[in-house]
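Listing of work-v7.txt; format and content: compact mmCIF, C-alpha atoms.
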# COMPACT_ATOMS: atom_id res chain seq x y z
CA MET V 1 0.00 0.00 0.00
CA GLN V 2 1.46 3.35 -1.01
CA HIS V 3 2.10 6.09 1.52
CA ARG V 4 0.05 9.12 0.46
CA ILE V 5 1.85 12.47 0.59
CA VAL V 6 -0.13 15.58 -0.30
CA VAL V 7 1.64 18.91 -0.78
CA LEU V 8 -0.56 22.02 -0.63
CA GLY V 9 0.71 24.95 -2.66
CA ALA V 10 3.28 25.04 -5.47
CA GLY V 11 5.16 28.22 -4.79
CA TYR V 12 8.90 28.12 -4.18
CA THR V 13 8.53 25.99 -1.06
CA GLY V 14 5.78 23.57 -2.08
CA ALA V 15 7.23 22.86 -5.51
CA THR V 16 10.70 22.44 -4.02
CA ALA V 17 9.45 20.03 -1.36
CA ALA V 18 7.50 17.94 -3.90
CA GLY V 19 10.51 17.69 -6.18
CA ARG V 20 12.88 16.77 -3.37
CA LEU V 21 10.51 14.09 -2.09
CA ALA V 22 10.30 12.67 -5.61
CA LYS V 23 14.10 12.44 -5.60
CA ARG V 24 14.29 10.89 -2.15
CA LEU V 25 11.56 8.25 -2.22
CA HIS V 26 11.02 5.19 -4.40
CA ARG V 27 8.14 5.84 -6.75
CA ALA V 28 6.43 2.50 -6.09
CA ASP V 29 6.16 3.23 -2.37
CA VAL V 30 4.53 6.66 -2.38
CA ALA V 31 1.64 8.48 -4.00
CA LEU V 32 2.81 12.09 -4.20
CA THR V 33 0.19 14.75 -5.03
CA LEU V 34 0.88 18.45 -5.52
CA VAL V 35 -2.17 20.73 -5.23
CA ASN V 36 -2.14 24.23 -6.75
CA ALA V 37 -4.78 26.56 -8.14
CA GLU V 38 -2.67 27.75 -11.09
CA PRO V 39 -1.16 25.55 -13.80
CA ASP V 40 2.26 27.17 -13.85
CA PHE V 41 4.90 28.35 -11.42
CA VAL V 42 4.76 31.98 -10.31
CA GLU V 43 8.09 33.71 -9.62
CA ARG V 44 6.77 35.76 -6.77
CA VAL V 45 10.05 37.60 -6.28
CA ARG V 46 9.56 39.14 -9.74
CA MET V 47 6.04 40.50 -9.34
CA HIS V 48 7.33 44.10 -9.34
CA GLN V 49 8.83 43.37 -12.76
CA LEU V 50 5.57 41.93 -14.04
CA ALA V 51 3.72 45.00 -12.77
CA THR V 52 5.93 47.32 -14.81
CA GLY V 53 5.29 45.57 -18.11
CA GLN V 54 8.03 42.97 -18.21
CA ASP V 55 7.14 39.47 -19.37
CA LEU V 56 8.29 36.48 -17.34
CA THR V 57 9.34 33.05 -18.57
CA PRO V 58 6.38 30.64 -18.43
CA ARG V 59 7.03 27.52 -16.35
CA PRO V 60 4.12 25.04 -16.70
CA PHE V 61 3.94 22.44 -13.92
CA SER V 62 2.93 19.81 -16.48
CA GLU V 63 6.40 20.15 -18.00
CA MET V 64 8.31 20.69 -14.77
CA PHE V 65 7.02 17.53 -13.11
CA ALA V 66 6.69 15.32 -16.18
CA GLY V 67 8.15 11.90 -15.47
CA THR V 68 8.83 12.60 -11.78
CA GLY V 69 5.93 10.65 -10.32
CA VAL V 70 4.37 13.81 -8.89
CA ALA V 71 0.64 13.97 -9.65
CA LEU V 72 -0.68 17.49 -10.20
CA LYS V 73 -4.09 18.48 -8.88
CA LEU V 74 -5.22 21.85 -10.26
CA ALA V 75 -7.61 23.09 -7.60
CA ARG V 76 -8.03 25.51 -4.72
CA VAL V 77 -7.66 24.25 -1.19
CA THR V 78 -10.92 25.04 0.57
CA GLY V 79 -10.57 23.01 3.76
CA VAL V 80 -8.19 20.88 5.80
CA ASP V 81 -9.29 18.31 8.38
CA VAL V 82 -6.11 17.42 10.23
CA ASP V 83 -7.92 15.07 12.61
CA GLY V 84 -9.58 13.15 9.78
CA ARG V 85 -6.48 13.54 7.59
CA THR V 86 -8.28 14.85 4.52
CA VAL V 87 -8.06 17.96 2.36
CA THR V 88 -11.03 19.47 0.51
CA VAL V 89 -10.21 20.99 -2.87
CA THR V 90 -12.37 22.75 -5.46
CA ASP V 91 -11.51 22.75 -9.16
CA ALA V 92 -12.13 25.51 -11.71
CA GLN V 93 -15.59 24.11 -12.48
CA GLY V 94 -16.62 24.23 -8.84
CA ALA V 95 -16.48 20.49 -8.22
CA GLU V 96 -15.27 19.48 -4.76
CA GLU V 97 -13.12 16.49 -3.91
CA LEU V 98 -11.68 14.96 -0.75
CA LEU V 99 -8.01 14.04 -0.81
CA PRO V 100 -6.94 11.72 2.03
CA TYR V 101 -3.32 11.79 3.14
CA ASP V 102 -0.88 9.99 5.37
CA THR V 103 1.56 12.90 5.37
CA LEU V 104 0.59 16.49 4.61
CA VAL V 105 3.00 19.25 3.57
CA TYR V 106 1.30 22.61 4.13
CA ALA V 107 2.85 25.27 1.87
CA LEU V 108 -0.04 27.65 1.17
CA GLY V 109 2.16 30.65 1.93
CA SER V 110 0.96 34.20 2.37
CA GLY V 111 -0.77 37.07 0.64
CA TRP V 112 -0.90 40.80 1.09
CA ASN V 113 -1.89 42.29 4.41
CA ASP V 114 -3.90 45.51 4.35
CA GLN V 115 -3.32 45.89 8.11
CA GLY V 116 -6.96 46.90 8.49
CA VAL V 117 -6.21 50.38 7.14
CA PRO V 118 -9.45 51.98 5.82
CA GLY V 119 -9.71 52.14 2.04
CA THR V 120 -6.77 49.83 1.34
CA ALA V 121 -8.82 46.91 0.06
CA GLU V 122 -10.92 49.22 -2.13
CA HIS V 123 -8.28 51.54 -3.55
CA ALA V 124 -4.79 50.07 -3.19
CA HIS V 125 -2.97 47.61 -5.44
CA GLU V 126 -0.93 44.62 -4.26
CA ILE V 127 1.95 42.72 -5.84
CA ALA V 128 1.95 39.69 -3.56
CA SER V 129 0.19 37.69 -6.29
CA ARG V 130 0.24 37.44 -10.06
CA PRO V 131 -3.37 38.65 -10.48
CA GLY V 132 -2.54 41.66 -8.32
CA ALA V 133 0.62 42.44 -10.29
CA LEU V 134 -1.28 42.17 -13.57
CA ARG V 135 -3.99 44.55 -12.33
CA LEU V 136 -1.33 47.04 -11.31
CA ARG V 137 0.38 46.59 -14.68
CA GLU V 138 -2.84 47.52 -16.47
CA ARG V 139 -3.42 50.52 -14.21
CA LEU V 140 0.10 51.88 -14.56
CA ALA V 141 -0.13 51.60 -18.34
CA ARG V 142 -3.11 53.98 -18.29
CA LEU V 143 -1.38 56.69 -16.27
CA ASP V 144 -0.39 59.92 -17.98
CA ALA V 145 2.96 61.62 -17.49
CA GLY V 146 3.31 63.42 -14.18
CA GLU V 147 0.64 61.44 -12.33
CA PRO V 148 1.59 60.41 -8.76
CA VAL V 149 2.22 56.84 -7.61
CA VAL V 150 2.69 56.11 -3.90
CA VAL V 151 4.25 52.89 -2.65
CA VAL V 152 3.33 52.24 0.99
CA GLY V 153 5.85 50.15 2.90
CA GLY V 154 9.57 50.62 3.33
CA GLY V 155 10.63 46.97 3.43
CA LEU V 156 12.26 44.92 0.69
CA THR V 157 9.09 44.64 -1.39
CA GLY V 158 8.33 48.36 -1.20
CA VAL V 159 11.88 49.38 -2.08
CA GLU V 160 11.96 47.03 -5.07
CA ALA V 161 8.53 48.13 -6.28
CA ALA V 162 9.29 51.86 -6.01
CA THR V 163 12.61 51.64 -7.85
CA GLU V 164 11.22 49.33 -10.55
CA ILE V 165 8.28 51.66 -11.26
CA ALA V 166 10.46 54.79 -11.22
CA GLU V 167 12.98 53.24 -13.62
CA ALA V 168 10.34 51.83 -16.00
CA ARG V 169 8.21 55.02 -15.93
CA PRO V 170 10.50 58.02 -15.32
CA ASP V 171 7.61 60.25 -16.41
CA LEU V 172 5.62 59.41 -13.28
CA ASP V 173 5.91 61.07 -9.89
CA VAL V 174 6.87 58.13 -7.65
CA ALA V 175 6.92 58.34 -3.85
CA LEU V 176 7.58 55.87 -1.04
CA ALA V 177 5.92 56.12 2.38
CA ALA V 178 7.91 54.29 5.06
CA ARG V 179 6.92 53.89 8.71
CA ASP V 180 10.60 54.01 9.68
CA GLY V 181 13.69 55.52 8.08
CA LEU V 182 14.60 54.55 4.52
CA GLY V 183 16.61 51.34 4.68
CA ASP V 184 17.20 51.67 8.39
CA TRP V 185 17.74 47.90 8.66
CA LEU V 186 20.80 48.22 6.38
CA ALA V 187 24.39 48.96 7.30
CA PRO V 188 25.64 52.53 6.55
CA LYS V 189 27.09 51.59 3.16
CA GLY V 190 23.81 50.01 2.09
CA ARG V 191 21.75 52.98 3.30
CA ARG V 192 23.96 55.41 1.43
CA HIS V 193 23.63 53.47 -1.79
CA LEU V 194 19.88 53.14 -1.40
CA ARG V 195 19.48 56.90 -0.98
CA LYS V 196 21.76 57.52 -3.93
CA VAL V 197 19.60 55.34 -6.19
CA PHE V 198 16.37 56.88 -4.91
CA ASP V 199 17.75 60.34 -5.59
CA ARG V 200 18.88 59.39 -9.09
CA LEU V 201 15.47 57.93 -9.91
CA GLY V 202 13.66 60.97 -8.50
CA ILE V 203 11.71 59.02 -5.87
CA THR V 204 10.27 61.16 -3.07
CA VAL V 205 10.63 59.51 0.33
CA HIS V 206 8.22 60.14 3.21
CA GLU V 207 10.08 58.68 6.18
CA HIS V 208 8.62 57.93 9.62
CA THR V 209 5.21 58.16 8.01
CA ALA V 210 2.27 55.98 9.01
CA VAL V 211 -0.47 55.77 6.38
CA THR V 212 -3.85 55.73 8.12
CA ALA V 213 -6.24 55.72 5.14
CA VAL V 214 -6.24 55.18 1.40
CA GLU V 215 -8.54 57.10 -0.92
CA ALA V 216 -8.95 56.96 -4.69
CA ASP V 217 -6.66 59.96 -5.24
CA HIS V 218 -4.51 60.20 -2.10
CA VAL V 219 -3.31 58.58 1.10
CA SER V 220 -3.69 60.13 4.53
CA THR V 221 -1.02 59.97 7.23
CA ALA V 222 -1.06 59.98 11.01
CA GLU V 223 0.36 63.51 10.89
CA GLY V 224 -2.65 64.73 8.92
CA GLU V 225 -0.83 64.98 5.59
CA ARG V 226 -2.54 64.08 2.31
CA ILE V 227 -0.12 62.59 -0.22
CA PRO V 228 -1.51 62.65 -3.78
CA ALA V 229 -1.79 59.19 -5.36
CA ALA V 230 -3.40 58.31 -8.66
CA VAL V 231 -2.20 54.78 -7.83
CA THR V 232 -1.37 53.40 -4.39
CA VAL V 233 0.74 50.24 -4.13
CA TRP V 234 0.42 48.58 -0.73
CA THR V 235 3.44 46.52 0.38
CA ALA V 236 3.18 46.87 4.16
CA GLY V 237 3.59 43.24 5.15
CA PHE V 238 2.13 39.83 4.45
CA ALA V 239 -0.57 37.69 6.03
CA VAL V 240 -0.60 33.89 5.97
CA HIS V 241 -3.34 31.88 4.30
CA PRO V 242 -6.24 31.62 6.79
CA ILE V 243 -7.04 27.92 6.44
CA ALA V 244 -4.58 26.75 9.12
CA GLN V 245 -6.32 28.87 11.74
CA ALA V 246 -9.59 27.09 10.99
CA THR V 247 -8.07 23.71 11.91
CA THR V 248 -7.03 22.15 15.21
CA LEU V 249 -3.36 22.69 14.37
CA GLU V 250 -1.38 24.67 16.91
CA VAL V 251 -0.79 28.07 15.33
CA SER V 252 0.82 31.32 16.41
CA GLY V 253 -0.90 34.67 16.80
CA THR V 254 -0.07 35.37 13.15
CA GLY V 255 -1.77 32.15 12.02
CA GLN V 256 1.50 30.37 11.26
CA ILE V 257 1.75 26.68 12.08
CA VAL V 258 4.08 26.01 15.01
CA VAL V 259 6.72 23.46 13.98
CA ASP V 260 9.81 21.78 15.38
CA ARG V 261 13.30 21.79 13.87
CA THR V 262 12.23 19.33 11.16
CA MET V 263 9.22 21.47 10.12
CA ARG V 264 6.85 18.99 11.74
CA SER V 265 3.73 20.34 13.43
CA VAL V 266 4.09 20.21 17.21
CA SER V 267 0.43 19.23 17.54
CA HIS V 268 -0.07 16.89 14.55
CA PRO V 269 2.98 14.76 13.65
CA ASP V 270 1.66 13.82 10.21
CA VAL V 271 1.60 17.50 9.14
CA TYR V 272 4.64 19.51 8.04
CA ALA V 273 4.53 23.26 7.39
CA ILE V 274 7.07 25.18 5.34
CA GLY V 275 7.74 28.68 4.08
CA ASP V 276 5.59 31.60 5.16
CA ALA V 277 2.97 29.22 6.57
CA ALA V 278 5.31 28.01 9.33
CA LEU V 279 6.58 29.64 12.50
CA VAL V 280 10.20 28.52 12.27
CA ALA V 281 12.83 29.27 14.88
CA GLY V 282 16.13 30.39 13.39
CA PRO V 283 19.42 31.28 15.11
CA GLY V 284 18.87 32.43 18.67
CA ASP V 285 15.27 31.15 18.41
CA LYS V 286 14.42 34.26 16.40
CA PRO V 287 11.53 33.51 13.98
CA LEU V 288 12.55 33.41 10.34
CA ARG V 289 11.11 36.24 8.26
CA MET V 290 8.64 35.56 5.46
CA SER V 291 10.80 35.29 2.34
CA CYS V 292 12.04 32.96 -0.37
CA ALA V 293 15.39 32.92 1.43
CA SER V 294 13.67 31.40 4.46
CA GLY V 295 11.20 29.21 2.64
CA VAL V 296 13.36 27.09 0.37
CA PRO V 297 15.63 25.80 3.18
CA THR V 298 12.53 24.85 5.21
CA ALA V 299 11.29 22.88 2.18
CA TRP V 300 14.59 21.00 2.03
CA GLN V 301 14.44 20.32 5.76
CA ALA V 302 10.86 19.03 5.67
CA ALA V 303 11.36 16.82 2.61
CA ASP V 304 14.51 15.27 4.05
CA ALA V 305 12.82 14.71 7.42
CA ILE V 306 9.80 13.03 5.84
CA ALA V 307 12.05 10.81 3.74
CA ALA V 308 14.19 9.92 6.75
CA ARG V 309 11.23 8.98 8.90
CA LEU V 310 9.71 6.83 6.16
CA THR V 311 12.92 5.09 5.14
CA GLY V 312 14.67 4.71 8.48
CA GLY V 313 17.32 7.27 7.60
CA LYS V 314 19.00 9.93 9.70
CA LEU V 315 16.99 13.05 10.45
CA PRO V 316 18.44 16.28 9.00
CA ASN V 317 20.05 18.70 11.39
CA VAL V 318 21.08 21.54 9.09
CA PRO V 319 21.06 24.96 10.79
CA LEU V 320 18.69 27.44 9.19
CA ARG V 321 20.47 30.76 8.82
CA TYR V 322 20.84 33.84 6.62
CA PHE V 323 23.81 35.03 4.59
CA ASN V 324 22.60 38.13 2.77
CA GLN V 325 19.63 40.19 1.66
CA CYS V 326 19.41 40.55 -2.13
CA ILE V 327 17.61 43.70 -3.29
CA SER V 328 16.94 44.76 -6.86
CA LEU V 329 16.80 48.52 -7.46
CA GLY V 330 15.45 48.46 -10.97
CA ARG V 331 17.18 46.50 -13.72
CA ARG V 332 20.53 48.29 -13.58
CA GLU V 333 21.17 48.68 -9.87
CA GLY V 334 21.18 46.32 -6.92
CA LEU V 335 22.16 45.99 -3.28
CA ILE V 336 23.46 42.87 -1.54
CA GLN V 337 23.51 43.45 2.20
CA TYR V 338 25.51 40.79 4.03
CA VAL V 339 24.03 39.74 7.35
CA THR V 340 24.66 37.64 10.42
CA ALA V 341 23.06 34.22 10.82
CA ASP V 342 20.05 35.85 12.51
CA ASP V 343 19.63 38.45 9.74
CA ARG V 344 21.34 41.51 11.25
CA ALA V 345 23.27 43.72 8.85
CA VAL V 346 27.08 43.71 8.92
CA PRO V 347 29.22 46.51 7.41
CA ALA V 348 29.93 44.64 4.16
CA ALA V 349 27.64 45.24 1.18
CA LEU V 350 27.81 44.83 -2.58
CA THR V 351 26.30 47.66 -4.62
CA GLY V 352 25.73 48.86 -8.17
CA ARG V 353 25.62 46.90 -11.39
CA LEU V 354 27.48 43.90 -9.97
CA ALA V 355 24.89 43.61 -7.21
CA ALA V 356 22.11 43.71 -9.83
CA VAL V 357 23.77 40.82 -11.69
CA TYR V 358 24.17 38.92 -8.41
CA LYS V 359 20.48 39.35 -7.54
CA GLU V 360 19.45 38.25 -11.03
CA LEU V 361 21.56 35.08 -10.72
CA ILE V 362 19.93 34.33 -7.36
CA CYS V 363 16.44 34.73 -8.85
CA LYS V 364 17.30 32.60 -11.87
CA GLY V 365 18.88 29.96 -9.68
CA ALA V 366 15.81 29.73 -7.45
CA ALA V 367 13.50 29.39 -10.45
CA TRP V 368 15.80 26.85 -12.10
CA GLY V 369 15.82 24.74 -8.96
CA VAL V 370 12.02 24.65 -8.92
CA ALA V 371 11.77 24.01 -12.67
CA HIS V 372 14.15 21.02 -12.49
CA PRO V 373 12.80 19.21 -9.44
CA THR V 374 14.68 15.93 -9.82
CA VAL V 375 18.04 17.21 -11.07
CA GLY V 376 21.05 17.11 -8.74
CA MET V 377 21.44 15.70 -5.24
CA PRO V 378 20.02 13.67 -3.66
CA VAL V 379 19.56 11.13 -6.46
CA ARG V 380 19.07 7.83 -4.65
CA ARG V 381 15.41 6.93 -4.19
CA ARG V 382 15.04 4.95 -0.98
CA ARG V 383 12.39 2.36 -0.18
CA VAL V 384 9.78 3.11 2.44
CA VAL V 385 10.24 0.84 5.43
CA ARG V 386 8.15 2.59 8.06
CA MET V 387 4.47 2.84 7.24
CA PRO V 388 2.52 4.72 9.93
CA ALA V 389 -0.84 3.28 10.86
CA ARG V 390 -3.46 4.53 8.43
CA GLN V 391 -6.92 5.64 9.31
CA ALA V 392 -9.63 4.09 7.22
CA SER V 393 -10.46 6.44 4.36
CA PRO V 394 -11.20 6.15 0.64
CA VAL V 395 -8.55 6.92 -1.95
CA SER V 396 -10.63 9.79 -3.29
CA GLU V 397 -14.27 10.63 -3.17
CA SER V 398 -16.50 13.41 -4.40
CA VAL V 399 -18.46 15.47 -1.92
How does this structure look as structure tokens?
Amino acid sequence: MQHRIVVLGAGYTGATAAGRLAKRLHRADVALTLVNAEPDFVERVRMHQLATGQDLTPRPFSEMFAGTGVALKLARVTGVDVDGRTVTVTDAQGAEELLPYDTLVYALGSGWNDQGVPGTAEHAHEIASRPGALRLRERLARLDAGEPVVVVGGGLTGVEAATEIAEARPDLDVALAARDGLGDWLAPKGRRHLRKVFDRLGITVHEHTAVTAVEADHVSTAEGERIPAAVTVWTAGFAVHPIAQATTLEVSGTGQIVVDRTMRSVSHPDVYAIGDAALVAGPGDKPLRMSCASGVPTAWQAADAIAARLTGGKLPNVPLRYFNQCISLGRREGLIQYVTADDRAVPAALTGRLAAVYKELICKGAAWGVAHPTVGMPVRRRRVVRMPARQASPVSESV
């Protein structure tokens, strides 16, 4: 009897985990299903490029996972019963199906977070998803020269979005509203370079500014200022997919699934959570930030732990840590801020054109790794020797 592994979500983490499991486990011993609502891989770290009119390389899952043994299920996840060990999915035609599992990998990730600010949902644009980036792309294309665009959020996503828009549309009046100082998490060299690029691109920066409301033609701040905005781009944080909170899984206050060092749920041992969906302790027990840099290593850790537990192998014990923060500042400039293991900036930084090339190589490498799921190490597929007791449930049934 095959061990049923269901992976929810095919972003960087879910697709990586599915591919690594396919490399680790003997095909005859497992039924590996990858559930995703879209038929192709979305390079989420490039959504600011998509929004400014650039076209991205299509990466269909049907091609990526051909011949790997991974079965694709194109559907939305609409429910998870972790006590009954089933997942409810709904396809594009509205038909529901129950998928039973023996091991679940939860990789539904995160979306934009409007922080409850009035008017954000109605008037602001987001680039946390491909549909959102495409809507912003269409809106920016309709803007006339001189019209104002305000990017709210001074983190990595906001900085990349503001510089990408300003470089692609130098005729627009681009501004960034940051709750703190511009790039205040960077070392002095990085901050200086960031300001230099912002100045060159003509981006107005509103530092230490909290946006309290979004209207169709402006944003309001806590200081009572009205900043004109024909388009508002909201990048002030991410929120995890809400399904986990509706289950009996132990979750954090942010809705992330609490896991151990192997990405295994502390409350349900047959569930693993990876990427943004998981509350993962990094160096010094500091939670890992939501990012591709955090997510992919958690996918490796989870896949290797699942394979080890099923095949009698040794559990992975690879420290999860950071090395740098890679920031694109348009297509011609970049910033690589080197950091400590727990993500604190050190004096060293790479800037300019070389940093842009470095960031591009990182993005291409991440996408290549997802698009070639069974290439490289590990290559030996091990036989399953430990089959956990299975609850009685059908292979698949309509509801």
**OP:** May I have the protein, DNA and RNA residues with an atom at most 6 Å from (15.9, 31.4, 8.5), counting only C-alpha atoms in the file's coordinates, returned as number ranges by chain?
**Re:** V: 282, 288, 294, 320-322
Subject >> Residue nearest Val89 (chain V) among V:Gly334, V:Leu34, V:Pro118, V:Arg137 (counting only C-alpha atoms) >> reply: V:Leu34
Check which residues of region 83-146 of chain V sit at most 9 Å from region 14-27 of chain V using all atoms listed in the file, and return one row each with the closest pair of atoms and their distance in Å to one decimal, ordered by chain and rising number, as CSV.
residue,atom,partner,partner_atom,distance
V:Val105,CA,V:Gly14,CA,7.6
V:Tyr106,CA,V:Gly14,CA,7.7
V:Ala107,CA,V:Gly14,CA,5.2
V:Leu108,CA,V:Gly14,CA,7.8
V:Gly109,CA,V:Gly14,CA,8.9
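Proximity to Thr351 (chain V) was assessed for V:Ile243, V:Leu194, V:Ala299, V:Leu98 counting all atoms listed in the file; the smallest distance is recorded for V:Leu194.
Nearest to Asp29 (chain V) of all the residues V:Leu310, V:Ala303, V:Leu99, V:Leu56 is V:Leu310, counting only C-alpha atoms.
These residues, each with an atom at most 12 Å from (19.8, 38.3, -10.8) using all atoms listed in the file, are Val45, Arg46, Cys326, Ile327, Ser328, Leu329, Gly330, Arg331, Arg332, Glu333, Gly334, Leu335, Ile336, Arg353, Leu354, Ala355, Ala356, Val357, Tyr358, Lys359, Glu360, Leu361, Ile362, Cys363, Lys364, Gly365, Ala366 and Ala367 of chain V.
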Original post:
At what distance in Å, to one decimal, does CA of Asp276 (chain V) lie from CA of Gln54 (chain V)?
Top reply: 26.1 Å
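Nearest-residue note for His218 (chain V): choosing from V:Gln301, V:His123, V:Gly255, V:Leu136, the minimum distance belongs to V:His123, counting all atoms listed in the file.
Each of V:Gly253, V:Gly313, V:Gly237, V:Pro283 was compared to Arg179 (chain V) using only C-alpha atoms, and V:Gly237 turns out to be the nearest.
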**OP:** Rank V:Ala124, V:Leu8, V:Val339, V:Ile165 by their smallest atom-to-atom distance to Ala141 (chain V), using only C-alpha atoms, and report the top residue only.
**Re:** V:Ile165
Please complete region 222-240 of chain V so it has N, CA and C atoms, and hand it over as an mmCIF file, in the frame of the given file.
data_model
loop_
_atom_site.group_PDB
_atom_site.id
_atom_site.type_symbol
_atom_site.label_atom_id
_atom_site.label_comp_id
_atom_site.auth_asym_id
_atom_site.auth_seq_id
_atom_site.Cartn_x
_atom_site.Cartn_y
_atom_site.Cartn_z
ATOM 1 N N ALA V 222 -0.751 59.725 9.606
ATOM 2 C CA ALA V 222 -1.060 59.980 11.010
ATOM 3 C C ALA V 222 -0.806 61.433 11.380
ATOM 4 N N GLU V 223 0.065 62.103 10.614
ATOM 5 C CA GLU V 223 0.360 63.510 10.890
ATOM 6 C C GLU V 223 -0.639 64.461 10.236
ATOM 7 N N GLY V 224 -1.640 63.913 9.558
ATOM 8 C CA GLY V 224 -2.650 64.730 8.920
ATOM 9 C C GLY V 224 -2.311 65.163 7.512
ATOM 10 N N GLU V 225 -1.228 64.623 6.949
ATOM 11 C CA GLU V 225 -0.830 64.980 5.590
ATOM 12 C C GLU V 225 -1.620 64.154 4.573
ATOM 13 N N ARG V 226 -1.905 64.770 3.437
ATOM 14 C CA ARG V 226 -2.540 64.080 2.310
ATOM 15 C C ARG V 226 -1.513 64.001 1.179
ATOM 16 N N ILE V 227 -1.115 62.789 0.841
ATOM 17 C CA ILE V 227 -0.120 62.590 -0.220
ATOM 18 C C ILE V 227 -0.874 62.184 -1.482
ATOM 19 N N PRO V 228 -0.787 62.974 -2.550
ATOM 20 C CA PRO V 228 -1.510 62.650 -3.780
ATOM 21 C C PRO V 228 -1.092 61.277 -4.326
ATOM 22 N N ALA V 229 -2.075 60.523 -4.827
ATOM 23 C CA ALA V 229 -1.790 59.190 -5.360
ATOM 24 C C ALA V 229 -2.862 58.798 -6.371
ATOM 25 N N ALA V 230 -2.501 58.856 -7.648
ATOM 26 C CA ALA V 230 -3.400 58.310 -8.660
ATOM 27 C C ALA V 230 -3.427 56.792 -8.547
ATOM 28 N N VAL V 231 -2.301 56.223 -8.089
ATOM 29 C CA VAL V 231 -2.200 54.780 -7.830
ATOM 30 C C VAL V 231 -1.460 54.601 -6.503
ATOM 31 N N THR V 232 -2.030 53.776 -5.634
ATOM 32 C CA THR V 232 -1.370 53.400 -4.390
ATOM 33 C C THR V 232 -0.999 51.926 -4.451
ATOM 34 N N VAL V 233 0.255 51.624 -4.174
ATOM 35 C CA VAL V 233 0.740 50.240 -4.130
ATOM 36 C C VAL V 233 1.024 49.898 -2.679
ATOM 37 N N TRP V 234 0.314 48.903 -2.156
ATOM 38 C CA TRP V 234 0.420 48.580 -0.730
ATOM 39 C C TRP V 234 1.344 47.378 -0.544
ATOM 40 N N THR V 235 2.473 47.602 0.156
ATOM 41 C CA THR V 235 3.440 46.520 0.380
ATOM 42 C C THR V 235 3.796 46.398 1.854
ATOM 43 N N ALA V 236 2.894 46.823 2.726
ATOM 44 C CA ALA V 236 3.180 46.870 4.160
ATOM 45 C C ALA V 236 2.902 45.533 4.840
ATOM 46 N N GLY V 237 3.673 44.520 4.468
ATOM 47 C CA GLY V 237 3.590 43.240 5.150
ATOM 48 C C GLY V 237 2.748 42.200 4.467
ATOM 49 N N PHE V 238 2.846 40.971 4.992
ATOM 50 C CA PHE V 238 2.130 39.830 4.450
ATOM 51 C C PHE V 238 1.303 39.157 5.537
ATOM 52 N N ALA V 239 0.260 38.460 5.111
ATOM 53 C CA ALA V 239 -0.570 37.690 6.030
ATOM 54 C C ALA V 239 -0.659 36.259 5.507
ATOM 55 N N VAL V 240 -0.577 35.289 6.408
ATOM 56 C CA VAL V 240 -0.600 33.890 5.970
ATOM 57 C C VAL V 240 -2.004 33.482 5.541
#
